[in-house]
Amino acid sequence: MDETIETTFSAAGDFHKMTDHFLTQAIDYMPKLIIALIIFLLFMGLGKLAQMIFFRMDYRFESDKNHMLKLAGSTIKIAIMIIGAITALGTLGINVNALIAGLGLGGFALGLALKDALSNLLSGALILIYHPFSVGDTITVSGCHGQVLEVNLRYTILQAENKIYLIPNSSLFTNNIEVIKK
């Protein structure tokens, strides 16, 4: 019976030492955690500010470029928040070198996997920026002839007499285009 009581008190003492050690570690780690949280919140605010700047610039440009500004604003916000998260993790003492290398390799693999979609996206952005043709113009490209209904980031939509063509923007960017202005 005495051994059971001794074992219980020993276990209780070990538990007490363990909780004391945990609380001491938590108190020692708290300033780093608070600083990391402040850093992340600052980067998050900076990302929101950058996005707001892009969203507010849309009234200065033509309506065709508004969605480009919104896309750029959202992309910059996400990039700033990722940088903030990596900086905050580095402040906590976490080795972020492997994380950065993983992001680089992941970006490379994603770029290869989405090569065609990214090609259409970037071509669409360049078409929207340079305006080789506008909505309402009649164009001929890759054997398709019709009036431009819409230019978005993935496709350009042409309407022929009783057909609608969805032409990938990478095709528009790499092939000859015959433009008949309206």
# chains A, B, ... in the order shown; residues from 1 in each chain; ligands from 1
>>> select_by_dssp(residues="chain A", states="strand (DSSP E or B)", output="ChimeraX atom specification")
/A:138-141,144-151,155-159,164-168,177-180
>>> write_last_selection(atoms="C-alpha atoms", output="mmCIF file, in the first residue's frame")
data_model
loop_
_atom_site.group_PDB
_atom_site.id
_atom_site.type_symbol
_atom_site.label_atom_id
_atom_site.label_comp_id
_atom_site.auth_asym_id
_atom_site.auth_seq_id
_atom_site.Cartn_x
_atom_site.Cartn_y
_atom_site.Cartn_z
ATOM 1 C CA THR A 138 -14.441 41.714 -86.954
ATOM 2 C CA ILE A 139 -11.354 39.487 -87.033
ATOM 3 C CA THR A 140 -10.097 36.414 -88.808
ATOM 4 C CA VAL A 141 -7.683 34.081 -87.056
ATOM 5 C CA CYS A 144 -12.309 31.530 -87.836
ATOM 6 C CA HIS A 145 -14.023 34.727 -88.925
ATOM 7 C CA GLY A 146 -16.404 36.685 -86.744
ATOM 8 C CA GLN A 147 -17.165 39.688 -84.601
ATOM 9 C CA VAL A 148 -15.421 39.935 -81.220
ATOM 10 C CA LEU A 149 -18.011 39.575 -78.453
ATOM 11 C CA GLU A 150 -15.690 39.333 -75.469
ATOM 12 C CA VAL A 151 -12.028 39.111 -74.588
ATOM 13 C CA TYR A 155 -10.615 32.881 -74.494
ATOM 14 C CA THR A 156 -11.656 35.422 -77.066
ATOM 15 C CA ILE A 157 -15.256 34.870 -78.095
ATOM 16 C CA LEU A 158 -16.158 35.457 -81.753
ATOM 17 C CA GLN A 159 -19.638 35.348 -83.218
ATOM 18 C CA ILE A 164 -19.759 31.124 -81.738
ATOM 19 C CA TYR A 165 -16.020 30.496 -81.615
ATOM 20 C CA LEU A 166 -14.045 30.284 -78.397
ATOM 21 C CA ILE A 167 -10.465 30.911 -79.481
ATOM 22 C CA PRO A 168 -7.702 30.340 -76.906
ATOM 23 C CA ILE A 177 -4.864 38.140 -87.088
ATOM 24 C CA GLU A 178 -6.807 40.025 -89.751
ATOM 25 C CA VAL A 179 -8.658 42.894 -88.078
ATOM 26 C CA ILE A 180 -11.543 44.781 -89.693
#
>>> residues_around(residues="Leu153 (chain A)", least_positions_apart="3", cutoff="8 Å", atoms="only C-alpha atoms", output="PyMOL selection string")
chain A and resi 120-125+169
>>> residues_around(residues="region 84-88 of chain A", least_positions_apart="6", cutoff="6 Å", atoms="only C-alpha atoms", output="PDB file with C-alpha atoms, in the first residue's frame")
ATOM      1  CA  ALA A  36       5.543  36.749 -35.451  1.00  0.00           C
ATOM      2  CA  ILE A  39       4.678  40.676 -38.516  1.00  0.00           C
ATOM      3  CA  PHE A  40       2.060  38.515 -40.237  1.00  0.00           C
ATOM      4  CA  PHE A  43       2.028  41.954 -44.078  1.00  0.00           C
TER       5      PHE A  43
END
>>> closest_residue(among="A:Ile83, A:Ile53, A:Leu126, A:Leu114", to="Ile100 (chain A)", atoms="only C-alpha atoms")
A:Ile83
>>> select_by_dssp(residues="chain A", states="helix (DSSP H, G or I)", output="PyMOL selection string")
chain A and resi 2-60+63-91+97-113+115-130+169-174
>>> atom_distance(atom1="CA of Met44 (chain A)", atom2="CA of Thr91 (chain A)")
15.9 Å
>>> closest_residue(among="A:Lys181, A:Val96, A:Leu89, A:Asn162", to="Pro132 (chain A)", atoms="only C-alpha atoms")
A:Lys181
>>> closest_residue(among="A:Ala117, A:Tyr29, A:Phe15, A:Ile80", to="Leu41 (chain A)", atoms="only C-alpha atoms")
A:Ile80
>>> atom_distance(atom1="CA of Ser171 (chain A)", atom2="CA of Ser134 (chain A)")
16.6 Å
